Structure formats: C-alpha cells, structure tokens
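Enquirer: Structure: start.txt, compact mmCIF, C-alpha atoms.
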```
# COMPACT_ATOMS: atom_id res chain seq x y z
CA MET K 1 96.43 89.11 147.41
CA LEU K 2 96.35 92.63 148.90
CA ASP K 3 95.35 94.14 145.54
CA SER K 4 92.56 91.58 145.20
CA LEU K 5 91.22 92.43 148.66
CA GLN K 6 91.39 96.14 147.88
CA LEU K 7 89.52 95.55 144.63
CA ILE K 8 86.73 93.70 146.44
CA ALA K 9 86.42 96.50 148.98
CA LEU K 10 86.51 99.27 146.39
CA ALA K 11 84.48 97.54 143.68
CA PRO K 12 81.24 99.54 144.21
CA ILE K 13 83.13 102.85 144.13
CA LEU K 14 85.22 101.85 141.10
CA LEU K 15 82.16 100.75 139.15
CA TRP K 16 80.32 103.97 139.97
CA GLN K 17 83.33 106.11 139.03
CA GLY K 18 83.80 104.15 135.81
CA ARG K 19 80.22 104.87 134.75
CA LYS K 20 80.62 108.57 135.54
CA VAL K 21 83.87 108.80 133.59
CA ARG K 22 82.26 107.23 130.52
CA GLN K 23 79.33 109.65 130.78
CA ARG K 24 81.31 112.83 131.37
CA THR K 25 84.62 112.45 129.51
CA LEU K 26 84.91 114.51 126.35
CA ARG K 27 84.75 112.27 123.26
CA LEU K 28 87.44 113.25 120.77
CA PRO K 29 87.60 111.93 117.19
CA GLU K 30 90.46 110.03 115.61
CA ALA K 31 92.95 112.21 113.73
CA ALA K 32 92.00 112.92 110.12
CA GLY K 33 94.31 112.25 107.20
CA ALA K 34 96.05 109.54 105.24
CA ARG K 35 96.84 106.26 106.99
CA THR K 36 99.45 105.15 104.52
CA GLY K 37 102.27 106.93 102.77
CA SER K 38 105.83 107.13 101.49
CA LEU K 39 108.36 109.64 102.74
CA GLY K 40 112.07 110.39 102.61
CA GLN K 41 115.14 109.01 100.90
CA GLY K 42 117.77 106.45 101.82
CA ALA K 43 117.60 102.81 102.81
CA PRO K 44 114.01 101.51 102.51
CA LEU K 45 112.12 100.90 105.73
CA ARG K 46 108.62 99.40 105.83
CA VAL K 47 106.72 100.31 109.00
CA LEU K 48 103.32 99.08 110.21
CA LEU K 49 101.66 100.89 113.12
CA LEU K 50 98.90 99.06 114.96
CA GLY K 51 96.68 99.74 117.90
CA ASP K 52 94.04 101.66 119.75
CA SER K 53 92.85 105.26 119.96
CA ALA K 54 96.31 106.60 120.77
CA ALA K 55 97.69 104.93 117.66
CA ALA K 56 94.73 106.39 115.73
CA GLY K 57 95.73 109.90 116.83
CA VAL K 58 92.88 110.77 119.18
CA GLY K 59 93.84 114.05 120.84
CA VAL K 60 95.07 115.85 117.72
CA SER K 61 93.20 116.81 114.57
CA ARG K 62 95.66 115.62 111.88
CA GLN K 63 97.63 112.42 111.36
CA GLU K 64 100.68 114.58 110.64
CA ASP K 65 100.65 115.58 114.33
CA ALA K 66 99.86 112.09 115.65
CA LEU K 67 102.23 109.20 116.28
CA ALA K 68 102.14 107.81 112.73
CA GLY K 69 102.84 111.10 110.98
CA GLN K 70 105.53 112.27 113.39
CA LEU K 71 107.26 108.89 113.44
CA ALA K 72 107.31 108.68 109.64
CA ALA K 73 108.72 112.22 109.44
CA GLN K 74 111.51 111.45 111.91
CA LEU K 75 112.48 108.14 110.29
CA SER K 76 112.44 109.75 106.84
CA ARG K 77 115.56 111.74 107.73
CA GLU K 78 117.56 108.55 107.23
CA HIS K 79 115.19 106.20 105.37
CA GLN K 80 112.74 105.96 102.55
CA VAL K 81 109.79 105.10 104.76
CA GLU K 82 106.77 103.16 103.53
CA TRP K 83 104.28 103.27 106.38
CA ARG K 84 100.74 102.09 107.12
CA LEU K 85 98.47 102.67 110.09
CA LEU K 86 95.79 100.23 111.27
CA ALA K 87 94.17 101.55 114.42
CA GLU K 88 90.76 102.12 115.95
CA SER K 89 89.44 103.61 119.16
CA GLY K 90 88.44 101.09 121.79
CA LEU K 91 90.45 98.15 120.51
CA LYS K 92 91.71 95.54 122.94
CA CYS K 93 94.49 93.14 122.02
CA GLN K 94 92.06 90.38 121.02
CA GLN K 95 90.12 92.78 118.79
CA LEU K 96 93.33 93.97 117.16
CA LEU K 97 94.07 90.36 116.22
CA ARG K 98 90.73 90.17 114.40
CA LYS K 99 91.37 93.54 112.78
CA LEU K 100 94.41 92.09 111.05
CA ASP K 101 92.11 89.86 109.01
CA GLY K 102 91.25 92.85 106.85
CA LEU K 103 94.86 93.86 106.17
CA THR K 104 96.59 92.58 103.06
CA ALA K 105 99.52 90.39 104.04
CA GLN K 106 102.83 91.90 102.97
CA PRO K 107 106.31 92.17 104.50
CA TYR K 108 107.18 94.85 107.06
CA ASP K 109 110.59 95.52 108.54
CA CYS K 110 109.12 96.63 111.84
CA VAL K 111 105.78 96.88 113.58
CA VAL K 112 104.97 99.48 116.24
CA LEU K 113 102.20 98.58 118.70
CA SER K 114 100.12 100.84 120.92
CA ILE K 115 97.74 98.58 122.81
CA GLY K 116 96.68 97.84 126.37
CA VAL K 117 94.73 100.78 127.79
CA ASN K 118 91.41 99.18 126.85
CA ASP K 119 92.60 95.85 128.23
CA VAL K 120 93.29 97.64 131.52
CA THR K 121 89.84 99.23 131.68
CA ALA K 122 88.14 95.99 130.59
CA GLY K 123 89.98 93.93 133.21
CA THR K 124 91.77 91.56 130.84
CA LYS K 125 93.41 88.83 132.95
CA ASP K 126 97.19 88.40 133.05
CA GLN K 127 97.26 85.09 131.21
CA GLN K 128 94.79 86.33 128.58
CA TRP K 129 97.00 89.36 127.96
CA LEU K 130 100.13 87.26 127.53
CA ALA K 131 98.41 84.67 125.36
CA GLN K 132 96.96 87.35 123.07
CA LEU K 133 100.30 89.16 122.79
CA LYS K 134 101.95 85.88 121.79
CA GLN K 135 99.24 85.24 119.20
CA LEU K 136 99.71 88.74 117.83
CA GLN K 137 103.46 88.29 117.70
CA GLU K 138 103.15 84.96 115.86
CA ARG K 139 100.63 86.39 113.41
CA LEU K 140 102.80 89.39 112.59
CA ARG K 141 105.81 87.19 111.94
CA ARG K 142 103.96 84.57 109.92
CA ASP K 143 101.75 86.76 107.73
CA PHE K 144 103.70 90.03 107.64
CA HIS K 145 107.27 88.74 108.03
CA ALA K 146 107.86 91.34 110.76
CA GLN K 147 111.53 91.25 111.74
CA HIS K 148 111.11 93.50 114.76
CA ILE K 149 108.06 94.28 116.89
CA PHE K 150 108.14 97.35 119.15
CA ILE K 151 105.52 97.53 121.93
CA SER K 152 105.00 100.90 123.60
CA ALA K 153 104.33 100.73 127.32
CA ILE K 154 100.81 101.35 128.53
CA PRO K 155 100.89 104.95 129.81
CA PRO K 156 100.76 105.75 133.54
CA MET K 157 96.99 105.88 133.85
CA GLN K 158 97.17 107.07 137.45
CA TYR K 159 98.04 110.51 136.03
CA PHE K 160 95.14 110.75 133.58
CA THR K 161 93.24 113.82 134.75
CA ALA K 162 89.96 112.37 133.44
CA LEU K 163 90.17 109.62 136.08
CA PRO K 164 89.25 110.33 139.73
CA ALA K 165 90.84 108.57 142.70
CA PRO K 166 90.70 105.74 143.68
CA LEU K 167 89.87 104.60 140.11
CA SER K 168 93.01 106.28 138.74
CA GLY K 169 95.25 104.50 141.22
CA TYR K 170 93.70 101.11 140.57
CA LEU K 171 93.98 101.44 136.78
CA GLY K 172 97.51 102.78 137.11
CA ARG K 173 98.58 99.73 139.11
CA ARG K 174 96.90 97.43 136.61
CA ALA K 175 98.72 99.15 133.74
CA GLN K 176 102.02 98.69 135.56
CA ARG K 177 101.23 95.00 136.02
CA LEU K 178 100.58 94.43 132.30
CA ASN K 179 103.71 96.40 131.45
CA ARG K 180 105.82 94.14 133.67
CA LEU K 181 104.39 91.06 131.98
CA THR K 182 105.08 92.53 128.55
CA ALA K 183 108.64 93.43 129.51
CA GLN K 184 109.26 89.89 130.76
CA LEU K 185 107.91 88.48 127.50
CA ALA K 186 110.18 90.77 125.48
CA GLU K 187 113.23 89.72 127.52
CA ARG K 188 112.76 86.17 126.20
CA ASP K 189 112.46 87.18 122.53
CA ASP K 190 115.20 88.86 120.51
CA GLY K 191 112.78 90.37 117.99
CA LEU K 192 110.32 91.79 120.52
CA TYR K 193 111.05 95.14 122.17
CA PHE K 194 109.24 96.69 125.11
CA MET K 195 109.53 100.48 125.13
CA PRO K 196 108.89 102.47 128.31
CA ILE K 197 107.96 105.96 127.12
CA GLU K 198 109.00 108.70 129.55
CA LEU K 199 106.69 111.68 128.97
CA GLY K 200 106.55 113.00 132.52
CA VAL K 201 103.34 113.91 134.35
CA ASP K 202 102.78 117.44 133.03
CA PRO K 203 99.06 117.95 132.23
CA GLN K 204 100.20 119.53 128.94
CA MET K 205 101.04 116.00 127.80
CA LEU K 206 97.31 115.23 127.80
CA ALA K 207 94.70 116.27 125.26
CA ALA K 208 91.55 118.18 126.19
CA ASP K 209 89.83 114.98 127.33
CA GLY K 210 92.43 114.31 130.03
CA PHE K 211 92.92 110.81 128.67
CA HIS K 212 94.74 110.86 125.32
CA PRO K 213 98.14 112.30 124.29
CA SER K 214 98.53 115.91 123.25
CA GLU K 215 100.49 116.96 120.16
CA GLN K 216 103.56 117.52 122.36
CA ALA K 217 103.21 114.03 123.83
CA TYR K 218 102.87 112.46 120.38
CA ARG K 219 106.04 114.23 119.25
CA LEU K 220 108.05 112.97 122.23
CA TRP K 221 106.57 109.50 121.85
CA ALA K 222 107.59 109.44 118.19
CA GLU K 223 111.11 110.55 119.12
CA HIS K 224 111.44 107.65 121.59
CA VAL K 225 110.20 105.10 119.05
CA ALA K 226 112.31 106.49 116.20
CA ALA K 227 115.45 106.42 118.35
CA ARG K 228 114.77 102.78 119.28
CA ILE K 229 114.15 101.77 115.67
CA LYS K 230 117.32 103.52 114.50
CA THR K 231 119.44 101.44 116.88
CA THR K 232 118.04 98.22 115.42
CA SER K 233 119.78 96.34 112.62
CA PHE K 234 117.56 95.49 109.65
CA THR K 235 119.00 92.77 107.42
```
Can I see the file as structure tokens?
Expert:
Amino acid sequence: MLDSLQLIALAPILLWQGRKVRQRTLRLPEAAGARTGSLGQGAPLRVLLLGDSAAAGVGVSRQEDALAGQLAAQLSREHQVEWRLLAESGLKCQQLLRKLDGLTAQPYDCVVLSIGVNDVTAGTKDQQWLAQLKQLQERLRRDFHAQHIFISAIPPMQYFTALPAPLSGYLGRRAQRLNRLTAQLAERDDGLYFMPIELGVDPQMLAADGFHPSEQAYRLWAEHVAARIKTTSFT
C-alpha cells in the first residue's frame, strides 16, 4: 500500500526522469561474435542461454567476454560444452516466449535465463510476471527437454549510475519484488533454480552506459552460474 501511494505521488517525476534517461543514456551494441559453439572435453553438456541485452552481451564488444563466452569457457574445463545463445536487447519475458518460436526444438541439459530488467522498467504486474515465467518454464521442458533451468536474479537497479533518484530507488524496489516472487516459485520446483548474483556496487561493474555489466561483471557472473551448474546432477 505504501509503495502504491509513493508511486502515485512520484509518478510525474518518475515519468519525466524515465524520458530523460531514454534520451541521454549511451546506446551500446550487442556483443559481436558467434552465438553457438562447441568447447572442451569430458562429459557432454548442452547449454541454452536466453534473455535480454545482458544475455546478448551489451557492455562488451565480443561474445568471448560476455556471459555466454565466459560461461562456456569455464564449463569447458570439465565438460564438452555445446552452447547456444538466443538473446536480444529490450526483451521482456513475454517477448522471449515468442522468440522461442524461431528456435529449433532440441534437447538441452540446462537453460540459463537473464530476464526481468525490461519487465521492471515496463511495469509488468506481479501475476503477469509469474504466469509468464511458468509458461516459459513449461515451454522449455516440453519443447527443449530442459532438465534444469537457472534464472539469474534481476540486478540491483538502484545502483545503476544511469538512473537518477528517485527513479533508481523505485526500480530497485520493483526488481527486488520480482526477485522475491521468482525465488518463491523456484522453491516449489526442483528443476528451477533462482540465482542471486553478488557483484557488489563498485561502478567498475558497470559498462560505459551505467546500465549494463562490464567485462569484469560478466566474468564474475559467469563464475557464479558455472559454480551452480557444476553442483547440479545431470542424468
């Protein structure tokens, strides 16, 4: 109730700040490079990475330095990794569901998701978020036989330097809300894993636009995800 009242009171300021951020924030391209590959030796591991601009590697110039490339490299120390990336800047969860229509159905041992920032900025409602996550989960299991689905937490948007206060605080609280809902959903499903990613609040973790991960942040993110995957049993 309090947050709703604050939103009503701050709405004109938040809308004005949102427009200014869209006008002034540096627009960075998605990372260049292959979005599928094979790497390493050992037990085979098929990995599908899905999501938004962070999954697409915005903030670094090459996929090798983004989440997909760094995760594949780390997993390849113990596995023969077959990986594929399907990601696009600006995607919300509902749009990601439609994006799957263009992907050939084939089995994956695990799926890594980076989604939610655009749902936060677009104001996706709680029940919509949960319903779309469930649809995505069901689709991945039915069409791609995904044994394990790993969902990275929405980052702490209150620390994005591209966002002024009070907009940063409002979006940060909204991100925390969606993260709590996602964590609760994962607690009820053995094959769904919510992953809080602790990167700290150092500005060096942000790219030049003050919004996306830097190369250092992508490396730490990949380490978190790889460690979580390595503790999972694939049968």
Enquirer: Quick one: of K:Asp52, K:Asp189, K:Asp65, K:Glu215, who's nearest to Lys134 (chain K), counting only C-alpha atoms?
Expert: K:Asp189
Enquirer: Show which residues sit within 12 Å of Ala68 (chain K), as number ranges by chain. Count only C-alpha atoms, and ignore same-chain residues fewer than 6 positions away.
Expert: K: 31-39, 47-51, 54-58, 60, 62, 74-75, 81-87, 111-114, 215, 218-219, 221-223, 225-226
Enquirer: Please determine, counting all atoms listed in the file, which residue among K:Ala217, K:Leu140, K:Ala72, K:Ile197 has the shortest atom-to-atom distance to Leu100 (chain K).
Expert: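 Checking each candidate against Leu100 (chain K), we get K:Leu140 as the closest.
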Enquirer: Using Å and a single decimal, report how far CA of Leu206 (chain K) sits from CA of Ala162 (chain K).
Expert: 9.7 Å
Enquirer: Find the residues near Ser168 (chain K): any atom within 8 Å, counting only C-alpha atoms, skip ones fewer than 5 places away on the same chain, and give them as a PyMOL selection string.
Expert: chain K and resi 157-160+163
Enquirer: Could you state the separation of CA of Tyr170 (chain K) and CA of Pro12 (chain K) in Å, given to one decimal place?
Expert: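 Atom-to-atom, CA of Tyr170 (chain K) and CA of Pro12 (chain K) are spaced 13.1 Å apart.
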Enquirer: So the first atom is CA of Gln106 (chain K) and the second is CA of Gln147 (chain K); what is the distance between them in Å, to one decimal place?
Expert: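 CA of Gln147 (chain K) lies at a distance of 12.4 Å from CA of Gln106 (chain K).
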Enquirer: Could you give me region 70-102 of chain K completed to N, CA and C atoms, formatted as an mmCIF file, keeping the file's coordinate frame?
Expert:
```cif
data_model
loop_
_atom_site.group_PDB
_atom_site.id
_atom_site.type_symbol
_atom_site.label_atom_id
_atom_site.label_comp_id
_atom_site.auth_asym_id
_atom_site.auth_seq_id
_atom_site.Cartn_x
_atom_site.Cartn_y
_atom_site.Cartn_z
ATOM 1 N N GLN K 70 104.278 111.764 112.821
ATOM 2 C CA GLN K 70 105.530 112.270 113.390
ATOM 3 C C GLN K 70 106.623 111.208 113.349
ATOM 4 N N LEU K 71 106.261 109.949 113.527
ATOM 5 C CA LEU K 71 107.260 108.890 113.440
ATOM 6 C C LEU K 71 107.785 108.756 112.016
ATOM 7 N N ALA K 72 106.882 108.774 111.042
ATOM 8 C CA ALA K 72 107.310 108.680 109.640
ATOM 9 C C ALA K 72 108.230 109.848 109.287
ATOM 10 N N ALA K 73 107.901 111.045 109.746
ATOM 11 C CA ALA K 73 108.720 112.220 109.440
ATOM 12 C C ALA K 73 110.116 112.084 110.035
ATOM 13 N N GLN K 74 110.204 111.581 111.266
ATOM 14 C CA GLN K 74 111.510 111.450 111.910
ATOM 15 C C GLN K 74 112.350 110.352 111.258
ATOM 16 N N LEU K 75 111.734 109.229 110.932
ATOM 17 C CA LEU K 75 112.480 108.140 110.290
ATOM 18 C C LEU K 75 112.909 108.510 108.875
ATOM 19 N N SER K 76 112.145 109.391 108.224
ATOM 20 C CA SER K 76 112.440 109.750 106.840
ATOM 21 C C SER K 76 113.731 110.556 106.700
ATOM 22 N N ARG K 77 114.288 111.021 107.797
ATOM 23 C CA ARG K 77 115.560 111.740 107.730
ATOM 24 C C ARG K 77 116.708 110.808 107.328
ATOM 25 N N GLU K 78 116.521 109.518 107.556
ATOM 26 C CA GLU K 78 117.560 108.550 107.230
ATOM 27 C C GLU K 78 117.071 107.434 106.314
ATOM 28 N N HIS K 79 115.752 107.327 106.117
ATOM 29 C CA HIS K 79 115.190 106.200 105.370
ATOM 30 C C HIS K 79 114.148 106.682 104.367
ATOM 31 N N GLN K 80 113.933 105.840 103.379
ATOM 32 C CA GLN K 80 112.740 105.960 102.550
ATOM 33 C C GLN K 80 111.673 105.110 103.235
ATOM 34 N N VAL K 81 110.746 105.778 103.885
ATOM 35 C CA VAL K 81 109.790 105.100 104.760
ATOM 36 C C VAL K 81 108.489 104.830 104.017
ATOM 37 N N GLU K 82 108.097 103.572 103.994
ATOM 38 C CA GLU K 82 106.770 103.160 103.530
ATOM 39 C C GLU K 82 105.994 102.764 104.785
ATOM 40 N N TRP K 83 104.956 103.514 105.109
ATOM 41 C CA TRP K 83 104.280 103.270 106.380
ATOM 42 C C TRP K 83 102.776 103.067 106.179
ATOM 43 N N ARG K 84 102.188 102.326 107.112
ATOM 44 C CA ARG K 84 100.740 102.090 107.120
ATOM 45 C C ARG K 84 100.263 102.062 108.559
ATOM 46 N N LEU K 85 99.090 102.621 108.769
ATOM 47 C CA LEU K 85 98.470 102.670 110.090
ATOM 48 C C LEU K 85 97.178 101.881 110.086
ATOM 49 N N LEU K 86 97.041 100.969 111.048
ATOM 50 C CA LEU K 86 95.790 100.230 111.270
ATOM 51 C C LEU K 86 95.441 100.393 112.740
ATOM 52 N N ALA K 87 94.489 101.246 113.022
ATOM 53 C CA ALA K 87 94.170 101.550 114.420
ATOM 54 C C ALA K 87 92.719 101.981 114.536
ATOM 55 N N GLU K 88 92.161 101.763 115.721
ATOM 56 C CA GLU K 88 90.760 102.120 115.950
ATOM 57 C C GLU K 88 90.525 102.326 117.443
ATOM 58 N N SER K 89 89.762 103.333 117.764
ATOM 59 C CA SER K 89 89.440 103.610 119.160
ATOM 60 C C SER K 89 88.732 102.420 119.798
ATOM 61 N N GLY K 90 89.118 102.129 121.028
ATOM 62 C CA GLY K 90 88.440 101.090 121.790
ATOM 63 C C GLY K 90 88.973 99.690 121.637
ATOM 64 N N LEU K 91 89.956 99.494 120.756
ATOM 65 C CA LEU K 91 90.450 98.150 120.510
ATOM 66 C C LEU K 91 91.206 97.589 121.717
ATOM 67 N N LYS K 92 90.904 96.338 122.038
ATOM 68 C CA LYS K 92 91.710 95.540 122.940
ATOM 69 C C LYS K 92 92.619 94.652 122.096
ATOM 70 N N CYS K 93 93.528 93.957 122.754
ATOM 71 C CA CYS K 93 94.490 93.140 122.020
ATOM 72 C C CYS K 93 93.788 92.075 121.181
ATOM 73 N N GLN K 94 92.778 91.415 121.750
ATOM 74 C CA GLN K 94 92.060 90.380 121.020
ATOM 75 C C GLN K 94 91.360 90.953 119.790
ATOM 76 N N GLN K 95 90.801 92.138 119.915
ATOM 77 C CA GLN K 95 90.120 92.780 118.790
ATOM 78 C C GLN K 95 91.117 93.205 117.716
ATOM 79 N N LEU K 96 92.298 93.609 118.127
ATOM 80 C CA LEU K 96 93.330 93.970 117.160
ATOM 81 C C LEU K 96 93.727 92.760 116.333
ATOM 82 N N LEU K 97 93.781 91.595 116.952
ATOM 83 C CA LEU K 97 94.070 90.360 116.220
ATOM 84 C C LEU K 97 93.050 90.137 115.103
ATOM 85 N N ARG K 98 91.776 90.345 115.415
ATOM 86 C CA ARG K 98 90.730 90.170 114.400
ATOM 87 C C ARG K 98 90.819 91.247 113.328
ATOM 88 N N LYS K 99 91.244 92.430 113.727
ATOM 89 C CA LYS K 99 91.370 93.540 112.780
ATOM 90 C C LYS K 99 92.397 93.239 111.703
ATOM 91 N N LEU K 100 93.380 92.441 112.026
ATOM 92 C CA LEU K 100 94.410 92.090 111.050
ATOM 93 C C LEU K 100 93.856 91.272 109.887
ATOM 94 N N ASP K 101 92.696 90.664 110.083
ATOM 95 C CA ASP K 101 92.110 89.860 109.010
ATOM 96 C C ASP K 101 91.825 90.700 107.772
ATOM 97 N N GLY K 102 91.577 91.993 107.971
ATOM 98 C CA GLY K 102 91.250 92.850 106.850
ATOM 99 C C GLY K 102 92.442 93.533 106.215
#
```
